[in-house]
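So this one's my_file-v4.txt, compact mmCIF, C-alpha atoms:
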# COMPACT_ATOMS: atom_id res chain seq x y z
CA MET D 297 0.00 0.00 0.00
CA PRO D 298 1.46 3.45 -0.88
CA TRP D 299 0.09 5.07 2.30
CA GLU D 300 1.68 3.88 5.53
CA LYS D 301 0.59 4.66 9.04
CA ARG D 302 3.22 5.47 11.67
CA GLU D 303 2.51 5.51 15.42
CA GLY D 304 1.83 9.10 16.47
CA ARG D 305 3.13 10.61 13.17
CA GLY D 306 0.10 10.20 10.88
CA ARG D 307 0.20 8.93 7.33
CA TYR D 308 3.25 8.68 5.05
CA TYR D 309 3.08 8.37 1.29
CA THR D 310 5.59 5.92 -0.20
CA ARG D 311 6.45 5.08 -3.77
CA THR D 312 7.99 1.77 -4.83
CA ARG D 313 10.17 1.48 -7.93
CA ARG D 314 12.61 -1.02 -9.35
CA VAL D 315 16.32 -0.29 -9.38
CA ASP D 316 18.54 -2.97 -11.00
CA GLY D 317 15.79 -5.52 -10.44
CA ARG D 318 15.39 -4.68 -6.74
CA ARG D 319 12.34 -3.03 -5.28
CA VAL D 320 13.26 0.29 -3.69
CA ARG D 321 10.76 2.13 -1.56
CA GLU D 322 10.96 5.90 -1.58
CA TYR D 323 9.41 7.82 1.35
CA ILE D 324 7.69 10.98 0.11
CA GLY D 325 6.08 12.08 3.35
CA GLY D 326 2.71 13.09 4.70
CA GLY D 327 0.56 16.19 4.34
CA VAL D 328 0.48 18.22 1.11
CA PRO D 329 3.67 16.70 -0.50
CA GLY D 330 2.25 13.23 0.10
CA GLU D 331 -1.15 14.16 -1.32
CA ILE D 332 0.44 15.75 -4.43
CA ALA D 333 2.64 12.70 -5.05
CA ALA D 334 -0.33 10.37 -4.52
CA PHE D 335 -2.49 12.38 -6.94
CA SER D 336 0.31 12.47 -9.54
CA ASP D 337 0.93 8.72 -9.26
CA GLU D 338 -2.77 7.94 -9.51
CA HIS D 339 -3.09 10.13 -12.62
CA LYS D 340 -0.06 8.47 -14.27
CA ARG D 341 -1.41 5.01 -13.44
CA ARG D 342 -4.82 5.86 -14.91
CA VAL D 343 -3.28 7.24 -18.13
CA ARG D 344 -1.08 4.14 -18.39
CA GLU D 345 -4.08 1.84 -17.98
CA GLU D 346 -6.20 3.80 -20.47
CA THR D 347 -3.35 3.76 -22.99
CA ALA D 348 -2.84 0.01 -22.55
CA ALA D 349 -6.57 -0.62 -22.98
CA HIS D 350 -6.69 1.61 -26.07
CA LEU D 351 -3.68 -0.13 -27.66
CA ARG D 352 -5.11 -3.55 -26.82
CA GLU D 353 -8.36 -2.55 -28.57
CA ARG D 354 -6.41 -1.39 -31.64
CA ARG D 355 -4.50 -4.67 -31.74
CA GLU D 356 -7.69 -6.71 -31.45
CA GLU D 357 -9.34 -4.59 -34.14
CA LEU D 358 -6.42 -5.05 -36.54
CA GLU D 359 -6.26 -8.80 -35.89
CA ALA D 360 -10.03 -9.16 -36.42
CA LEU D 361 -9.77 -7.26 -39.72
CA ALA D 362 -6.81 -9.36 -40.89
CA ALA D 363 -8.27 -12.78 -39.98
CA PRO D 364 -10.60 -13.13 -43.02
CA VAL D 365 -7.73 -12.06 -45.31
CA ALA D 366 -5.62 -14.89 -43.87
CA CYS D 367 -8.48 -17.36 -44.57
CA LEU D 368 -8.74 -16.09 -48.14
CA GLU D 369 -4.97 -16.36 -48.61
CA GLU D 370 -4.96 -19.93 -47.33
CA ALA D 371 -7.85 -20.94 -49.61
CA ALA D 372 -6.17 -19.33 -52.62
CA GLU D 373 -2.86 -21.00 -51.88
CA ILE D 374 -4.40 -24.45 -51.48
CA LEU D 375 -6.51 -24.14 -54.63
CA ALA D 376 -3.61 -22.75 -56.70
CA HIS D 377 -1.34 -25.51 -55.45
CA ALA D 378 -3.97 -28.20 -56.13
CA THR D 379 -4.69 -26.83 -59.60
CA LEU D 380 -1.03 -26.87 -60.55
CA VAL D 381 -0.46 -30.36 -59.14
CA ALA D 382 -3.61 -31.62 -60.90
CA ALA D 383 -2.29 -30.14 -64.13
CA GLY D 384 0.86 -32.19 -63.77
CA TYR D 385 3.22 -29.76 -62.07
CA HIS D 386 5.41 -30.48 -59.09
CA ARG D 387 7.80 -28.38 -57.05
CA HIS D 388 11.47 -28.96 -57.60
CA ARG D 389 13.77 -26.96 -55.31
CA GLY D 390 11.16 -24.20 -55.01
CA ASN D 391 10.41 -24.08 -58.76
CA TRP D 392 7.37 -25.55 -60.43
CA ARG D 393 8.10 -28.13 -63.13
CA LEU D 394 5.86 -30.17 -65.39
CA TYR D 395 5.97 -33.95 -64.98
CA ARG D 396 7.15 -35.66 -68.13
CA ASP D 397 4.05 -37.85 -68.25
CA ALA D 398 1.62 -34.92 -67.76
CA MET J 30 -17.31 -11.91 -34.52
CA THR J 31 -14.55 -13.11 -36.84
CA LEU J 32 -15.50 -13.86 -40.42
CA ASP J 33 -14.55 -17.33 -41.60
CA LEU J 34 -15.15 -19.82 -44.39
CA PRO J 35 -17.96 -22.38 -43.94
CA GLU J 36 -16.94 -25.77 -42.53
CA LYS J 37 -17.88 -27.53 -45.78
CA THR J 38 -15.44 -25.33 -47.75
CA LYS J 39 -12.74 -25.90 -45.13
CA ASP J 40 -13.25 -29.67 -45.47
CA GLU J 41 -12.91 -29.40 -49.24
CA LEU J 42 -9.71 -27.40 -48.86
CA ARG J 43 -8.32 -29.98 -46.43
CA GLU J 44 -9.15 -32.73 -48.92
CA LEU J 45 -7.48 -30.83 -51.76
CA ARG J 46 -4.39 -30.25 -49.65
CA GLU J 47 -4.17 -33.93 -48.76
CA LEU J 48 -4.68 -35.08 -52.36
CA SER J 49 -2.07 -32.55 -53.55
CA ARG J 50 0.41 -33.94 -51.06
CA GLN J 51 -0.26 -37.54 -52.20
CA ALA J 52 -0.06 -36.56 -55.89
CA GLU J 53 3.21 -34.71 -55.30
CA ASP J 54 4.57 -37.85 -53.67
CA GLY J 55 4.01 -39.60 -56.99
CA ASP J 56 0.59 -41.21 -56.41
CA LEU J 57 -0.97 -41.19 -59.91
CA GLU J 58 -4.37 -42.28 -58.63
CA ALA J 59 -4.39 -39.32 -56.24
CA ARG J 60 -3.55 -37.00 -59.12
CA VAL J 61 -6.50 -38.24 -61.18
CA LYS J 62 -8.75 -37.85 -58.13
CA LEU J 63 -7.30 -34.38 -57.52
CA GLN J 64 -8.10 -33.32 -61.09
CA ARG J 65 -11.73 -34.31 -60.53
CA ARG J 66 -11.91 -32.64 -57.10
CA VAL J 67 -10.34 -29.40 -58.34
CA LYS J 68 -12.85 -29.23 -61.18
CA ALA J 69 -15.78 -29.97 -58.88
CA ALA J 70 -14.76 -27.92 -55.84
CA SER J 71 -13.21 -24.82 -57.46
CA PRO J 72 -16.44 -22.87 -58.16
CA GLU J 73 -17.75 -23.34 -54.61
CA ILE J 74 -14.42 -22.52 -52.94
CA VAL J 75 -14.05 -19.41 -55.11
CA ALA J 76 -17.64 -18.32 -54.42
CA GLU J 77 -17.30 -18.78 -50.65
CA ALA J 78 -13.88 -17.12 -50.52
CA SER J 79 -15.17 -14.21 -52.63
CA ASN J 80 -18.13 -13.80 -50.29
CA LEU J 81 -15.74 -13.76 -47.35
CA ALA J 82 -13.62 -11.12 -49.11
CA ALA J 83 -16.72 -9.03 -49.78
CA LEU J 84 -17.93 -9.27 -46.19
CA SER J 85 -14.52 -8.41 -44.75
CA GLU J 86 -14.15 -5.46 -47.14
CA THR J 87 -16.78 -3.27 -45.42
CA PRO J 88 -15.10 -3.06 -41.96
CA MET J 89 -11.69 -2.57 -43.57
CA VAL J 90 -12.99 0.26 -45.77
CA LYS J 91 -14.60 1.84 -42.69
CA PHE J 92 -11.29 1.64 -40.83
CA VAL J 93 -9.20 3.09 -43.68
CA SER J 94 -11.64 5.92 -44.44
CA ALA J 95 -11.72 6.92 -40.74
CA GLY J 96 -14.93 8.93 -41.01
CA ASP J 97 -14.16 10.41 -44.44
CA ALA J 98 -17.46 9.95 -46.33
CA LEU J 99 -15.91 10.49 -49.77
CA MET J 100 -13.20 7.93 -49.15
CA ARG J 101 -15.78 5.47 -47.81
CA GLU J 102 -17.80 5.88 -50.98
CA ALA J 103 -14.87 5.84 -53.41
CA LEU J 104 -12.75 3.03 -51.98
CA PRO J 105 -15.15 0.13 -52.75
CA LYS J 106 -15.40 1.40 -56.34
CA ARG J 107 -11.63 1.48 -56.60
CA LEU J 108 -11.46 -2.05 -55.21
CA ALA J 109 -14.02 -3.26 -57.76
CA LEU J 110 -11.96 -1.67 -60.54
CA MET J 111 -8.78 -3.27 -59.21
CA ARG J 112 -10.52 -6.63 -59.01
CA ALA J 113 -11.73 -6.42 -62.62
CA GLU J 114 -8.40 -5.14 -63.90
CA ILE J 115 -6.34 -7.80 -62.16
CA ALA J 116 -8.65 -10.70 -63.06
CA GLY J 117 -8.73 -9.60 -66.70
CA GLU J 118 -11.12 -10.86 -69.36
CA ASN J 119 -12.64 -14.34 -69.01
CA PRO J 120 -10.79 -15.25 -65.82
CA THR J 121 -10.72 -18.83 -64.56
CA PRO J 122 -12.17 -19.43 -61.05
CA LEU J 123 -8.63 -19.65 -59.72
CA GLU J 124 -7.72 -16.30 -61.30
CA ILE J 125 -10.82 -14.78 -59.68
CA LEU J 126 -9.75 -16.11 -56.29
CA LEU J 127 -6.14 -14.97 -56.69
CA SER J 128 -7.34 -11.52 -57.78
CA GLU J 129 -9.59 -11.33 -54.70
CA ARG J 130 -6.58 -12.25 -52.60
CA ILE J 131 -4.44 -9.48 -54.14
CA VAL J 132 -7.16 -6.88 -53.58
CA SER J 133 -7.74 -8.02 -49.97
CA CYS J 134 -4.01 -7.96 -49.25
CA TRP J 135 -3.75 -4.48 -50.76
CA LEU J 136 -6.60 -3.33 -48.53
CA LEU J 137 -4.90 -4.88 -45.51
CA VAL J 138 -1.75 -2.89 -46.36
CA GLN J 139 -3.92 0.26 -46.36
CA VAL J 140 -5.44 -0.72 -42.98
CA VAL J 141 -2.01 -1.09 -41.38
CA GLU J 142 -0.81 2.16 -42.99
CA ALA J 143 -3.88 3.92 -41.61
CA LEU J 144 -3.16 2.57 -38.15
CA ALA J 145 0.44 3.78 -38.32
CA ALA J 146 -0.72 7.18 -39.57
CA GLN J 147 -3.22 7.49 -36.70
CA GLN J 148 -0.43 6.94 -34.20
CA ILE J 149 1.83 9.53 -35.82
CA TYR J 150 -1.06 12.01 -36.08
CA SER J 151 -1.94 11.60 -32.39
CA ARG J 152 1.71 12.30 -31.55
CA TYR J 153 1.81 15.35 -33.85
CA LYS J 154 -1.41 16.76 -32.42
CA LYS J 155 -0.11 16.05 -28.91
CA GLU J 156 -3.58 14.84 -27.99
CA LYS J 157 -2.62 11.50 -26.53
CA THR J 158 1.14 11.47 -26.70
CA THR J 159 1.39 8.36 -24.58
CA LEU J 160 -0.42 6.38 -27.31
CA PHE J 161 2.78 6.64 -29.32
CA SER J 162 4.38 3.79 -27.43
CA LEU J 163 7.54 2.20 -28.76
CA SER J 164 6.26 -1.35 -28.32
CA PHE J 165 3.11 -0.51 -30.28
CA GLN J 166 5.18 1.10 -33.02
CA ARG J 167 7.23 -2.09 -33.25
CA TYR J 168 3.99 -4.08 -33.44
CA VAL J 169 2.66 -1.87 -36.27
CA LEU J 170 5.99 -2.04 -38.11
CA LYS J 171 5.91 -5.83 -37.95
CA TRP J 172 2.39 -5.80 -39.39
CA GLN J 173 3.46 -3.38 -42.14
CA GLU J 174 6.26 -5.72 -43.19
CA SER J 175 4.01 -8.78 -43.02
CA ALA J 176 1.13 -7.17 -44.96
CA SER J 177 3.49 -5.89 -47.69
CA SER J 178 5.18 -9.25 -48.15
CA ARG J 179 1.80 -11.03 -48.24
CA TYR J 180 0.59 -8.57 -50.88
CA LEU J 181 3.69 -9.17 -53.00
CA ALA J 182 3.37 -12.95 -52.54
CA ALA J 183 -0.25 -12.76 -53.76
CA ILE J 184 0.83 -10.91 -56.93
CA LYS J 185 3.64 -13.41 -57.50
CA ASP J 186 1.23 -16.37 -57.13
CA LEU J 187 -1.19 -15.02 -59.72
CA ALA J 188 1.68 -14.33 -62.14
CA ARG J 189 3.02 -17.85 -61.60
CA VAL J 190 -0.36 -19.52 -62.10
CA ARG J 191 -0.99 -17.50 -65.26
CA LYS J 192 2.42 -18.38 -66.63
CA LEU J 193 2.04 -22.09 -65.90
CA GLN J 194 -1.61 -22.29 -66.96
CA THR J 195 -0.76 -21.06 -70.45
CA ASN J 196 0.82 -24.49 -70.99
CA THR J 197 -2.09 -26.42 -69.47
CA SER J 198 -5.48 -25.64 -70.93
CA SER J 199 -6.94 -28.73 -69.20
CA VAL J 200 -7.30 -26.89 -65.89
CA GLN J 201 -9.54 -24.20 -67.36
CA VAL J 202 -13.04 -24.49 -65.93
CA ASN J 203 -15.82 -22.30 -67.28
CA THR J 204 -18.24 -21.63 -64.47
CA GLN J 205 -20.55 -18.84 -63.49
CA ILE J 206 -19.82 -17.61 -59.97
CA ASN J 207 -22.38 -15.54 -58.11
CA VAL J 208 -20.76 -13.40 -55.44
CA ILE J 209 -23.03 -11.84 -52.83
CA ARG J 210 -21.95 -8.27 -52.15
CA PRO J 211 -23.16 -6.72 -48.90
Let me see whether you can do it: turn the structure in this file into structure tokens.
Amino acid sequence: MPWEKREGRGRYYTRTRRVDGRRVREYIGGGVPGEIAAFSDEHKRRVREETAAHLRERREELEALAAPVACLEEAAEILAHATLVAAGYHRHRGNWRLYRDA
Amino acid sequence: MTLDLPEKTKDELRELRELSRQAEDGDLEARVKLQRRVKAASPEIVAEASNLAALSETPMVKFVSAGDALMREALPKRLALMRAEIAGENPTPLEILLSERIVSCWLLVQVVEALAAQQIYSRYKKEKTTLFSLSFQRYVLKWQESASSRYLAAIKDLARVRKLQTNTSSVQVNTQINVIRP
């Protein structure tokens, strides 16, 4: 919890951050400085969450739009491949070649 | 809801893939069967895939036009022109499908470009500067590369099929395909 209670001294606002992988707790203090820091942190957290939600929505939207295109691509690839094989072609080292008996 | 091909079409595609694999392994019986299946299944696969392309076009056009009424009106017409121009005169069902694929891939490139532009614009306008996150930019860049290479691969496939089909008139199938446009 960012707010800590100390015996006889009221509330302290603390901020935890990571330094070289370790969690370091910074003591901001009580009163107005504590309230300002708490408000600022809360605002930053809210913006971060809104941004993450917005970007997640954009990703989902893009992936939903691209999914039918992927289906179409797969269908086209399979049918093109099948048509060429049915016509007597085969792949040889990445190139299409006609079977001699075709 | 994600748009998808009907199960019956998917089954036919799976069967074609399996027969192609067997025929490529030298199974002559599979090749004869494949010839019959391609002839029988092509019109339905092309019709279903074209319907899917048509249904997926509307949300993509809406995304790219981003509220611009003129763009929203003009883009489908441009896509129809592209489709007709790429397929050419008297296209085979396969050419129709490959043309649909090229047009859809082109539209996907436009969608990703629009998304990238939106991010840059939001940064420029300083409305939501935090939306311009580096990880999201990397994500968009990856999509841009993928969409471009898929578009180029689609063009290459149609060119290859056209080149090879000129030697093999036996795979030409004359069929009327009714595509439902939304």
Task: Residues near Cys367 of chain D, cut-off 10 Å, all atoms listed in the file, skip fewer than 3 positions along chain, as a PyMOL selection string - done: (chain D and resi 362-364+370-373) or (chain J and resi 32-34+39+78+81-82+130)
TODO: May I ask which of the residues J:Asp56, J:Glu118, J:Glu142, J:Glu124 is the closest one to Thr379 of chain D, counting all atoms listed in the file?
DONE: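 With all atoms listed in the file as the atom set, the closest residue is J:Glu124.
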- [ ] Could you please determine the separation between atom CA of Ala52 of chain J and atom CA of Val381 of chain D in Å, to one decimal place?
- [x] 7.0 Å
TODO: Could you give me, as JSON, numbers by chain, the residues within 9 Å of Ala376 of chain D, counting all atoms listed in the file and dropping anything in the same chain fewer than 6 positions from it?
DONE: {"J": [123, 124, 127, 186, 187, 190]}
Open item on the list: So the first atom is atom CA of Ile131 of chain J and the second is atom CA of Arg352 of chain D; what is the distance between them in Å, to one decimal place?
Closed with: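 Spanning atom CA of Ile131 of chain J to atom CA of Arg352 of chain D is a straight-line distance of 28.0 Å.
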Show me, as a PDB file with C-alpha atoms, in the frame of the given file, the residues of chain D whose atoms get within 12 Å of chain J, using all atoms listed in the file for the distance check.
ATOM      1  CA  LYS D 340      -0.060   8.470 -14.270  1.00  0.00           C
ATOM      2  CA  ARG D 341      -1.410   5.010 -13.440  1.00  0.00           C
ATOM      3  CA  ARG D 342      -4.820   5.860 -14.910  1.00  0.00           C
ATOM      4  CA  VAL D 343      -3.280   7.240 -18.130  1.00  0.00           C
ATOM      5  CA  ARG D 344      -1.080   4.140 -18.390  1.00  0.00           C
ATOM      6  CA  GLU D 345      -4.080   1.840 -17.980  1.00  0.00           C
ATOM      7  CA  GLU D 346      -6.200   3.800 -20.470  1.00  0.00           C
ATOM      8  CA  THR D 347      -3.350   3.760 -22.990  1.00  0.00           C
ATOM      9  CA  ALA D 348      -2.840   0.010 -22.550  1.00  0.00           C
ATOM     10  CA  ALA D 349      -6.570  -0.620 -22.980  1.00  0.00           C
ATOM     11  CA  HIS D 350      -6.690   1.610 -26.070  1.00  0.00           C
ATOM     12  CA  LEU D 351      -3.680  -0.130 -27.660  1.00  0.00           C
ATOM     13  CA  ARG D 352      -5.110  -3.550 -26.820  1.00  0.00           C
ATOM     14  CA  GLU D 353      -8.360  -2.550 -28.570  1.00  0.00           C
ATOM     15  CA  ARG D 354      -6.410  -1.390 -31.640  1.00  0.00           C
ATOM     16  CA  ARG D 355      -4.500  -4.670 -31.740  1.00  0.00           C
ATOM     17  CA  GLU D 356      -7.690  -6.710 -31.450  1.00  0.00           C
ATOM     18  CA  GLU D 357      -9.340  -4.590 -34.140  1.00  0.00           C
ATOM     19  CA  LEU D 358      -6.420  -5.050 -36.540  1.00  0.00           C
ATOM     20  CA  GLU D 359      -6.260  -8.800 -35.890  1.00  0.00           C
ATOM     21  CA  ALA D 360     -10.030  -9.160 -36.420  1.00  0.00           C
ATOM     22  CA  LEU D 361      -9.770  -7.260 -39.720  1.00  0.00           C
ATOM     23  CA  ALA D 362      -6.810  -9.360 -40.890  1.00  0.00           C
ATOM     24  CA  ALA D 363      -8.270 -12.780 -39.980  1.00  0.00           C
ATOM     25  CA  PRO D 364     -10.600 -13.130 -43.020  1.00  0.00           C
ATOM     26  CA  VAL D 365      -7.730 -12.060 -45.310  1.00  0.00           C
ATOM     27  CA  ALA D 366      -5.620 -14.890 -43.870  1.00  0.00           C
ATOM     28  CA  CYS D 367      -8.480 -17.360 -44.570  1.00  0.00           C
ATOM     29  CA  LEU D 368      -8.740 -16.090 -48.140  1.00  0.00           C
ATOM     30  CA  GLU D 369      -4.970 -16.360 -48.610  1.00  0.00           C
ATOM     31  CA  GLU D 370      -4.960 -19.930 -47.330  1.00  0.00           C
ATOM     32  CA  ALA D 371      -7.850 -20.940 -49.610  1.00  0.00           C
ATOM     33  CA  ALA D 372      -6.170 -19.330 -52.620  1.00  0.00           C
ATOM     34  CA  GLU D 373      -2.860 -21.000 -51.880  1.00  0.00           C
ATOM     35  CA  ILE D 374      -4.400 -24.450 -51.480  1.00  0.00           C
ATOM     36  CA  LEU D 375      -6.510 -24.140 -54.630  1.00  0.00           C
ATOM     37  CA  ALA D 376      -3.610 -22.750 -56.700  1.00  0.00           C
ATOM     38  CA  HIS D 377      -1.340 -25.510 -55.450  1.00  0.00           C
ATOM     39  CA  ALA D 378      -3.970 -28.200 -56.130  1.00  0.00           C
ATOM     40  CA  THR D 379      -4.690 -26.830 -59.600  1.00  0.00           C
ATOM     41  CA  LEU D 380      -1.030 -26.870 -60.550  1.00  0.00           C
ATOM     42  CA  VAL D 381      -0.460 -30.360 -59.140  1.00  0.00           C
ATOM     43  CA  ALA D 382      -3.610 -31.620 -60.900  1.00  0.00           C
ATOM     44  CA  ALA D 383      -2.290 -30.140 -64.130  1.00  0.00           C
ATOM     45  CA  GLY D 384       0.860 -32.190 -63.770  1.00  0.00           C
ATOM     46  CA  TYR D 385       3.220 -29.760 -62.070  1.00  0.00           C
ATOM     47  CA  HIS D 386       5.410 -30.480 -59.090  1.00  0.00           C
ATOM     48  CA  ARG D 387       7.800 -28.380 -57.050  1.00  0.00           C
ATOM     49  CA  HIS D 388      11.470 -28.960 -57.600  1.00  0.00           C
ATOM     50  CA  ASN D 391      10.410 -24.080 -58.760  1.00  0.00           C
ATOM     51  CA  TRP D 392       7.370 -25.550 -60.430  1.00  0.00           C
ATOM     52  CA  ARG D 393       8.100 -28.130 -63.130  1.00  0.00           C
ATOM     53  CA  LEU D 394       5.860 -30.170 -65.390  1.00  0.00           C
ATOM     54  CA  TYR D 395       5.970 -33.950 -64.980  1.00  0.00           C
ATOM     55  CA  ASP D 397       4.050 -37.850 -68.250  1.00  0.00           C
ATOM     56  CA  ALA D 398       1.620 -34.920 -67.760  1.00  0.00           C
TER      57      ALA D 398
END
TODO: Take atom CA of Arg305 of chain D and atom CA of Gly326 of chain D and report the distance between them in Å, one decimal.
DONE: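 Atom CA of Gly326 of chain D lies at a distance of 8.8 Å from atom CA of Arg305 of chain D.
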TODO: Neighbourhood query: residues within 12 Å of (1.2, 8.5, 8.0), file coordinates, counting only C-alpha atoms; return as a VMD selection string.
DONE: chain D and resid 297 to 310 323 to 328 330 to 331
For C-alpha atoms, please extract segment 324-389 of chain D from the block and return it as a short mmCIF file (atom, residue, chain, number, x, y, z; two decimals), in the first residue's frame.
data_model
loop_
_atom_site.label_atom_id
_atom_site.label_comp_id
_atom_site.auth_asym_id
_atom_site.auth_seq_id
_atom_site.Cartn_x
_atom_site.Cartn_y
_atom_site.Cartn_z
CA ILE D 324 7.69 10.98 0.11
CA GLY D 325 6.08 12.08 3.35
CA GLY D 326 2.71 13.09 4.70
CA GLY D 327 0.56 16.19 4.34
CA VAL D 328 0.48 18.22 1.11
CA PRO D 329 3.67 16.70 -0.50
CA GLY D 330 2.25 13.23 0.10
CA GLU D 331 -1.15 14.16 -1.32
CA ILE D 332 0.44 15.75 -4.43
CA ALA D 333 2.64 12.70 -5.05
CA ALA D 334 -0.33 10.37 -4.52
CA PHE D 335 -2.49 12.38 -6.94
CA SER D 336 0.31 12.47 -9.54
CA ASP D 337 0.93 8.72 -9.26
CA GLU D 338 -2.77 7.94 -9.51
CA HIS D 339 -3.09 10.13 -12.62
CA LYS D 340 -0.06 8.47 -14.27
CA ARG D 341 -1.41 5.01 -13.44
CA ARG D 342 -4.82 5.86 -14.91
CA VAL D 343 -3.28 7.24 -18.13
CA ARG D 344 -1.08 4.14 -18.39
CA GLU D 345 -4.08 1.84 -17.98
CA GLU D 346 -6.20 3.80 -20.47
CA THR D 347 -3.35 3.76 -22.99
CA ALA D 348 -2.84 0.01 -22.55
CA ALA D 349 -6.57 -0.62 -22.98
CA HIS D 350 -6.69 1.61 -26.07
CA LEU D 351 -3.68 -0.13 -27.66
CA ARG D 352 -5.11 -3.55 -26.82
CA GLU D 353 -8.36 -2.55 -28.57
CA ARG D 354 -6.41 -1.39 -31.64
CA ARG D 355 -4.50 -4.67 -31.74
CA GLU D 356 -7.69 -6.71 -31.45
CA GLU D 357 -9.34 -4.59 -34.14
CA LEU D 358 -6.42 -5.05 -36.54
CA GLU D 359 -6.26 -8.80 -35.89
CA ALA D 360 -10.03 -9.16 -36.42
CA LEU D 361 -9.77 -7.26 -39.72
CA ALA D 362 -6.81 -9.36 -40.89
CA ALA D 363 -8.27 -12.78 -39.98
CA PRO D 364 -10.60 -13.13 -43.02
CA VAL D 365 -7.73 -12.06 -45.31
CA ALA D 366 -5.62 -14.89 -43.87
CA CYS D 367 -8.48 -17.36 -44.57
CA LEU D 368 -8.74 -16.09 -48.14
CA GLU D 369 -4.97 -16.36 -48.61
CA GLU D 370 -4.96 -19.93 -47.33
CA ALA D 371 -7.85 -20.94 -49.61
CA ALA D 372 -6.17 -19.33 -52.62
CA GLU D 373 -2.86 -21.00 -51.88
CA ILE D 374 -4.40 -24.45 -51.48
CA LEU D 375 -6.51 -24.14 -54.63
CA ALA D 376 -3.61 -22.75 -56.70
CA HIS D 377 -1.34 -25.51 -55.45
CA ALA D 378 -3.97 -28.20 -56.13
CA THR D 379 -4.69 -26.83 -59.60
CA LEU D 380 -1.03 -26.87 -60.55
CA VAL D 381 -0.46 -30.36 -59.14
CA ALA D 382 -3.61 -31.62 -60.90
CA ALA D 383 -2.29 -30.14 -64.13
CA GLY D 384 0.86 -32.19 -63.77
CA TYR D 385 3.22 -29.76 -62.07
CA HIS D 386 5.41 -30.48 -59.09
CA ARG D 387 7.80 -28.38 -57.05
CA HIS D 388 11.47 -28.96 -57.60
CA ARG D 389 13.77 -26.96 -55.31
#
